[in-house]
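Undergrad: Pasting input.cif here (mmCIF, C-alpha atoms, pLDDT in the B column; chains and numbers go by the auth columns):
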```
data_work
#
loop_
_atom_site.group_PDB
_atom_site.id
_atom_site.type_symbol
_atom_site.label_atom_id
_atom_site.label_comp_id
_atom_site.label_asym_id
_atom_site.label_seq_id
_atom_site.Cartn_x
_atom_site.Cartn_y
_atom_site.Cartn_z
_atom_site.B_iso_or_equiv
_atom_site.auth_seq_id
_atom_site.auth_asym_id
ATOM 1 C CA MET A 1 0.000 0.000 0.000 40.00 149 X
ATOM 2 C CA GLN A 2 1.702 3.180 -1.181 40.00 150 X
ATOM 3 C CA ALA A 3 0.401 6.275 0.560 43.00 151 X
ATOM 4 C CA ARG A 4 -0.067 9.434 -1.478 49.00 152 X
ATOM 5 C CA LEU A 5 0.829 12.468 0.597 57.00 153 X
ATOM 6 C CA ASP A 6 -0.201 16.042 -0.108 61.00 154 X
ATOM 7 C CA GLN A 7 2.965 18.076 0.582 61.00 155 X
ATOM 8 C CA SER A 8 1.172 21.436 1.057 63.00 156 X
ATOM 9 C CA ARG A 9 -1.329 19.845 3.467 61.00 157 X
ATOM 10 C CA THR A 10 1.532 18.236 5.369 59.00 158 X
ATOM 11 C CA MET A 11 3.395 21.535 5.738 60.00 159 X
ATOM 12 C CA LYS A 12 0.222 23.287 6.883 62.00 160 X
ATOM 13 C CA LEU A 13 -0.433 20.547 9.420 59.00 161 X
ATOM 14 C CA LEU A 14 3.126 20.626 10.782 59.00 162 X
ATOM 15 C CA SER A 15 3.021 24.403 11.220 65.00 163 X
ATOM 16 C CA SER A 16 -0.384 24.478 12.936 66.00 164 X
ATOM 17 C CA ALA A 17 -0.986 24.776 16.674 71.00 165 X
ATOM 18 C CA PRO A 18 -1.454 21.594 18.674 78.00 166 X
ATOM 19 C CA THR A 19 -5.100 20.648 19.078 86.00 167 X
ATOM 20 C CA VAL A 20 -6.576 17.215 19.625 88.00 168 X
ATOM 21 C CA GLY A 21 -7.994 17.248 16.083 90.00 169 X
ATOM 22 C CA ALA A 22 -4.679 18.287 14.546 89.00 170 X
ATOM 23 C CA LEU A 23 -2.877 15.601 16.585 91.00 171 X
ATOM 24 C CA VAL A 24 -5.279 12.931 15.305 93.00 172 X
ATOM 25 C CA GLU A 25 -4.645 14.108 11.733 93.00 173 X
ATOM 26 C CA LEU A 26 -0.873 14.082 12.303 94.00 174 X
ATOM 27 C CA CYS A 27 -1.063 10.532 13.712 95.00 175 X
ATOM 28 C CA GLU A 28 -2.955 9.493 10.569 96.00 176 X
ATOM 29 C CA GLN A 29 -0.289 11.163 8.425 95.00 177 X
ATOM 30 C CA ASN A 30 2.472 9.356 10.321 96.00 178 X
ATOM 31 C CA TYR A 31 0.662 6.039 9.880 97.00 179 X
ATOM 32 C CA ARG A 32 0.622 6.605 6.102 96.00 180 X
ATOM 33 C CA LEU A 33 4.312 7.583 6.147 96.00 181 X
ATOM 34 C CA VAL A 34 5.267 4.395 8.015 96.00 182 X
ATOM 35 C CA LEU A 35 3.328 2.341 5.473 96.00 183 X
ATOM 36 C CA SER A 36 5.149 4.192 2.695 95.00 184 X
ATOM 37 C CA LEU A 37 8.407 2.992 4.273 95.00 185 X
ATOM 38 C CA ALA A 38 7.104 -0.527 4.889 95.00 186 X
ATOM 39 C CA PRO A 39 4.172 -1.305 2.581 94.00 187 X
ATOM 40 C CA ASP A 40 4.027 -4.960 3.722 93.00 188 X
ATOM 41 C CA LEU A 41 4.397 -4.172 7.431 94.00 189 X
ATOM 42 C CA VAL A 42 1.601 -6.488 8.572 92.00 190 X
ATOM 43 C CA ALA A 43 3.517 -9.427 7.060 91.00 191 X
ATOM 44 C CA PHE A 44 6.845 -8.554 8.739 91.00 192 X
ATOM 45 C CA SER A 45 8.393 -10.126 11.795 90.00 193 X
ATOM 46 C CA GLY A 46 11.719 -9.472 13.435 92.00 194 X
ATOM 47 C CA LEU A 47 14.384 -7.107 12.162 93.00 195 X
ATOM 48 C CA GLN A 48 14.409 -5.369 8.778 93.00 196 X
ATOM 49 C CA ARG A 49 17.155 -3.089 7.461 92.00 197 X
ATOM 50 C CA SER A 50 17.167 -0.439 4.747 92.00 198 X
ATOM 51 C CA GLN A 51 20.300 1.271 3.508 91.00 199 X
ATOM 52 C CA PRO A 52 20.204 3.011 0.147 91.00 200 X
ATOM 53 C CA HIS A 53 23.688 3.842 -1.143 90.00 201 X
ATOM 54 C CA GLY A 54 25.332 6.672 0.795 87.00 202 X
ATOM 55 C CA THR A 55 22.835 6.741 3.681 87.00 203 X
ATOM 56 C CA ALA A 56 22.830 5.638 7.295 86.00 204 X
ATOM 57 C CA ALA A 57 21.144 2.288 7.872 89.00 205 X
ATOM 58 C CA LEU A 58 17.557 2.471 9.029 93.00 206 X
ATOM 59 C CA HIS A 59 16.370 -0.406 11.217 94.00 207 X
ATOM 60 C CA LEU A 60 12.768 -1.490 11.636 96.00 208 X
ATOM 61 C CA HIS A 61 12.170 -4.109 14.292 96.00 209 X
ATOM 62 C CA VAL A 62 8.682 -5.586 14.567 96.00 210 X
ATOM 63 C CA LEU A 63 8.294 -6.246 18.284 96.00 211 X
ATOM 64 C CA GLU A 64 4.667 -7.386 18.272 96.00 212 X
ATOM 65 C CA GLN A 65 2.151 -8.201 15.575 95.00 213 X
ATOM 66 C CA THR A 66 -1.563 -8.659 16.403 94.00 214 X
ATOM 67 C CA SER A 67 -4.750 -8.614 14.339 92.00 215 X
ATOM 68 C CA TYR A 68 -5.262 -4.868 14.711 95.00 216 X
ATOM 69 C CA THR A 69 -1.920 -3.445 15.837 96.00 217 X
ATOM 70 C CA THR A 70 1.792 -3.631 15.172 97.00 218 X
ATOM 71 C CA LEU A 71 4.437 -2.485 17.643 97.00 219 X
ATOM 72 C CA VAL A 72 7.693 -1.437 15.969 97.00 220 X
ATOM 73 C CA ARG A 73 11.003 0.099 16.840 95.00 221 X
ATOM 74 C CA LEU A 74 12.465 2.419 14.208 95.00 222 X
ATOM 75 C CA THR A 75 16.010 3.726 14.507 93.00 223 X
ATOM 76 C CA HIS A 76 19.169 4.805 12.783 88.00 224 X
ATOM 77 C CA LEU A 77 22.034 2.911 14.366 80.00 225 X
ATOM 78 C CA PHE A 78 25.390 4.640 14.670 78.00 226 X
ATOM 79 C CA VAL A 79 28.524 3.267 16.287 74.00 227 X
ATOM 80 C CA HIS A 80 30.403 5.440 18.776 76.00 228 X
ATOM 81 C CA ASP A 81 33.466 4.123 20.609 84.00 229 X
ATOM 82 C CA GLY A 82 32.703 0.642 19.304 85.00 230 X
ATOM 83 C CA ARG A 83 29.209 0.594 20.817 82.00 231 X
ATOM 84 C CA PRO A 84 25.870 0.867 19.010 77.00 232 X
ATOM 85 C CA ASP A 85 24.106 4.203 19.480 73.00 233 X
ATOM 86 C CA PRO A 86 20.514 4.313 18.192 79.00 234 X
ATOM 87 C CA ASP A 87 19.453 7.879 17.360 81.00 235 X
ATOM 88 C CA PRO A 88 16.632 8.621 16.905 89.00 236 X
ATOM 89 C CA ASP A 89 15.087 5.611 18.611 91.00 237 X
ATOM 90 C CA ILE A 90 11.293 5.415 18.404 93.00 238 X
ATOM 91 C CA HIS A 91 8.796 2.794 19.493 95.00 239 X
ATOM 92 C CA LEU A 92 5.493 3.105 17.624 96.00 240 X
ATOM 93 C CA ARG A 93 2.206 1.316 17.918 97.00 241 X
ATOM 94 C CA LEU A 94 0.317 1.266 14.627 97.00 242 X
ATOM 95 C CA TYR A 95 -3.446 0.821 14.807 97.00 243 X
ATOM 96 C CA HIS A 96 -4.432 -0.706 11.470 96.00 244 X
ATOM 97 C CA ASP A 97 -8.190 -0.512 12.009 96.00 245 X
ATOM 98 C CA ALA A 98 -8.029 3.230 12.828 96.00 246 X
ATOM 99 C CA CYS A 99 -5.066 4.029 10.491 97.00 247 X
ATOM 100 C CA GLN A 100 -3.269 5.774 13.375 97.00 248 X
ATOM 101 C CA SER A 101 0.228 5.683 14.832 97.00 249 X
ATOM 102 C CA GLU A 102 1.103 6.329 18.460 94.00 250 X
ATOM 103 C CA VAL A 103 4.557 7.271 19.707 93.00 251 X
ATOM 104 C CA ILE A 104 5.165 4.966 22.677 92.00 252 X
ATOM 105 C CA SER A 105 8.705 6.099 23.398 89.00 253 X
ATOM 106 C CA LEU A 106 11.140 8.486 21.755 88.00 254 X
ATOM 107 C CA ARG A 107 14.817 9.074 22.383 84.00 255 X
ATOM 108 C CA GLN A 108 16.742 11.432 20.136 78.00 256 X
ATOM 109 C CA SER A 109 19.366 14.144 20.251 72.00 257 X
ATOM 110 C CA ILE A 110 18.626 15.940 16.972 64.00 258 X
ATOM 111 C CA LEU A 111 15.873 18.399 17.876 59.00 259 X
ATOM 112 C CA PRO A 112 15.190 20.332 21.077 53.00 260 X
ATOM 113 C CA LEU A 113 12.598 17.907 22.440 54.00 261 X
ATOM 114 C CA GLU A 114 12.856 16.151 25.723 51.00 262 X
ATOM 115 C CA ARG A 115 15.648 13.619 25.264 48.00 263 X
ATOM 116 C CA LEU A 116 13.399 10.989 26.844 50.00 264 X
ATOM 117 C CA TYR A 117 9.666 10.856 26.161 50.00 265 X
ATOM 118 C CA HIS A 118 7.586 10.397 29.354 52.00 266 X
ATOM 119 C CA HIS A 119 3.782 10.163 29.666 51.00 267 X
ATOM 120 C CA PRO A 120 3.219 13.295 27.632 62.00 268 X
ATOM 121 C CA GLY A 121 0.453 15.831 27.425 80.00 269 X
ATOM 122 C CA LEU A 122 -0.874 17.321 24.204 84.00 270 X
ATOM 123 C CA GLU A 123 2.146 19.605 23.601 83.00 271 X
ATOM 124 C CA GLN A 124 4.688 16.787 24.045 84.00 272 X
ATOM 125 C CA LYS A 125 2.658 14.397 21.879 88.00 273 X
ATOM 126 C CA TRP A 126 2.429 17.106 19.217 88.00 274 X
ATOM 127 C CA ARG A 127 6.173 17.716 19.232 87.00 275 X
ATOM 128 C CA ALA A 128 7.001 13.995 19.162 90.00 276 X
ATOM 129 C CA ASN A 129 4.665 13.414 16.225 91.00 277 X
ATOM 130 C CA GLN A 130 6.008 16.470 14.374 91.00 278 X
ATOM 131 C CA PHE A 131 9.507 15.080 14.830 91.00 279 X
ATOM 132 C CA LEU A 132 8.363 11.641 13.661 94.00 280 X
ATOM 133 C CA SER A 133 6.654 13.095 10.583 94.00 281 X
ATOM 134 C CA ARG A 134 9.711 15.062 9.520 92.00 282 X
ATOM 135 C CA TRP A 135 12.051 12.151 10.163 93.00 283 X
ATOM 136 C CA LEU A 136 9.872 9.708 8.212 95.00 284 X
ATOM 137 C CA GLN A 137 9.699 12.160 5.289 94.00 285 X
ATOM 138 C CA PHE A 138 13.499 12.520 5.417 94.00 286 X
ATOM 139 C CA CYS A 139 13.913 8.722 5.366 95.00 287 X
ATOM 140 C CA LEU A 140 11.568 8.434 2.378 96.00 288 X
ATOM 141 C CA LEU A 141 13.430 11.195 0.527 95.00 289 X
ATOM 142 C CA GLN A 142 16.663 9.280 1.081 93.00 290 X
ATOM 143 C CA GLY A 143 15.097 6.277 -0.611 95.00 291 X
ATOM 144 C CA HIS A 144 14.588 4.049 2.420 95.00 292 X
ATOM 145 C CA GLN A 145 12.025 1.305 2.063 95.00 293 X
ATOM 146 C CA PHE A 146 11.513 -2.033 3.741 93.00 294 X
ATOM 147 C CA ARG A 147 10.463 -4.912 1.536 85.00 295 X
ATOM 148 C CA GLY A 148 9.264 -8.324 2.626 70.00 296 X
ATOM 149 C CA ARG A 149 12.625 -10.041 3.080 54.00 297 X
ATOM 150 C CA SER A 150 12.629 -12.713 5.743 43.00 298 X
ATOM 151 C CA ALA A 151 13.704 -11.496 9.158 41.00 299 X
ATOM 152 C CA SER A 152 16.119 -14.381 9.662 36.00 300 X
ATOM 153 C CA THR A 153 17.975 -13.576 6.422 34.00 301 X
ATOM 154 C CA THR A 154 18.087 -9.894 7.318 38.00 302 X
ATOM 155 C CA SER A 155 19.331 -10.587 10.837 35.00 303 X
ATOM 156 C CA ARG A 156 22.016 -13.064 9.746 30.00 304 X
ATOM 157 C CA ALA A 157 23.229 -10.871 6.916 33.00 305 X
ATOM 158 C CA ARG A 158 23.620 -7.902 9.235 37.00 306 X
ATOM 159 C CA SER A 159 24.650 -9.583 12.495 35.00 307 X
ATOM 160 C CA ALA A 160 27.508 -7.063 12.824 36.00 308 X
ATOM 161 C CA ASP A 161 24.888 -4.308 13.250 43.00 309 X
ATOM 162 C CA PRO A 162 23.047 -5.227 16.449 46.00 310 X
ATOM 163 C CA VAL A 163 20.086 -3.109 17.459 50.00 311 X
ATOM 164 C CA PRO A 164 20.014 -2.979 21.261 49.00 312 X
ATOM 165 C CA ALA A 165 16.597 -3.102 22.923 49.00 313 X
#
```
Kindly transcribe the structure held in the file into structure tokens.
TA:
Amino acid sequence: MQARLDQSRTMKLLSSAPTVGALVELCEQNYRLVLSLAPDLVAFSGLQRSQPHGTAALHLHVLEQTSYTTLVRLTHLFVHDGRPDPDPDIHLRLYHDACQSEVISLRQSILPLERLYHHPGLEQKWRANQFLSRWLQFCLLQGHQFRGRSASTTSRARSADPVPA
């Protein structure tokens, strides 16, 4: 399922003030962006990796798959001092029946958000979802996409790039 995104609507949404209605719309937008990255997400299990030439690897780890939801971890994985450093590091729950995404946890050092995402109110949820939207758009512009390769093949082929939990 390829999502068609209206760029002018997206920019208007990202620049608007946080309201519950705008947040719901942004969560719908983020859901579509995730499915643009991983069109076959409901069929995935385990770890997937995308790395178009000249880009940082993007890791998608399906943590839980149920009839109506998918819990994923999405991260770029960098190595500093020989240790893996995921940044940004986002856990998302995708609600397939409602076509919504929910940021469960967010750690990042790129933008001036809280470094660690704790039980947020409307403003924090808005900022986290704005960050997610911009990051997903950036990943799509770089050419990232996850296709239905088997998780075991992906994990074995990239065992040198562990994604810590």
Undergrad: Tell me, as a list in words, which residues lie within 12 Å of Gly269 of chain X, counting all atoms listed in the file; anything in the same chain fewer than 4 positions away does not count.
TA: Pro166, Thr167, Val168, Leu171, Tyr265, Lys273, Trp274, Arg275 and Ala276 of chain X
Undergrad: Grab the residues selected above and save them as a short mmCIF file (atom, residue, chain, number, x, y, z; two decimals), in the coordinates of the input with C-alpha atoms.
TA:
```
data_model
loop_
_atom_site.label_atom_id
_atom_site.label_comp_id
_atom_site.auth_asym_id
_atom_site.auth_seq_id
_atom_site.Cartn_x
_atom_site.Cartn_y
_atom_site.Cartn_z
CA PRO X 166 -1.45 21.59 18.67
CA THR X 167 -5.10 20.65 19.08
CA VAL X 168 -6.58 17.22 19.62
CA LEU X 171 -2.88 15.60 16.58
CA TYR X 265 9.67 10.86 26.16
CA LYS X 273 2.66 14.40 21.88
CA TRP X 274 2.43 17.11 19.22
CA ARG X 275 6.17 17.72 19.23
CA ALA X 276 7.00 14.00 19.16
#
```
Undergrad: Would you work out the distance separating atom CA of Arg295 of chain X from atom CA of Ala191 of chain X, expressed in Å to one decimal?
TA: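 Separating atom CA of Arg295 of chain X from atom CA of Ala191 of chain X is a distance of 10.0 Å.
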Undergrad: Every residue with an atom at most 6 Å from (17.7, 2.5, -0.7) (file coordinates; only C-alpha atoms) is what I'm after, so could you write them as an mmCIF file with C-alpha atoms, keeping the file's coordinate frame?
TA:
```
data_model
loop_
_atom_site.group_PDB
_atom_site.id
_atom_site.type_symbol
_atom_site.label_atom_id
_atom_site.label_comp_id
_atom_site.auth_asym_id
_atom_site.auth_seq_id
_atom_site.Cartn_x
_atom_site.Cartn_y
_atom_site.Cartn_z
ATOM 1 C CA GLN X 199 20.300 1.271 3.508
ATOM 2 C CA PRO X 200 20.204 3.011 0.147
ATOM 3 C CA GLY X 291 15.097 6.277 -0.611
ATOM 4 C CA HIS X 292 14.588 4.049 2.420
#
```
Undergrad: Please write as number ranges by chain the full residue list that the PyMOL selection byres ((chain X and resi 277) around 12) yields on this file.
TA: X: 161-162, 166, 170-179, 181, 238-240, 248-254, 261, 265, 268, 270-276, 278-284
Undergrad: So the first atom is atom CA of Val220 of chain X and the second is atom CA of Gly194 of chain X; what is the distance between them in Å, to one decimal place?
TA: 9.3 Å
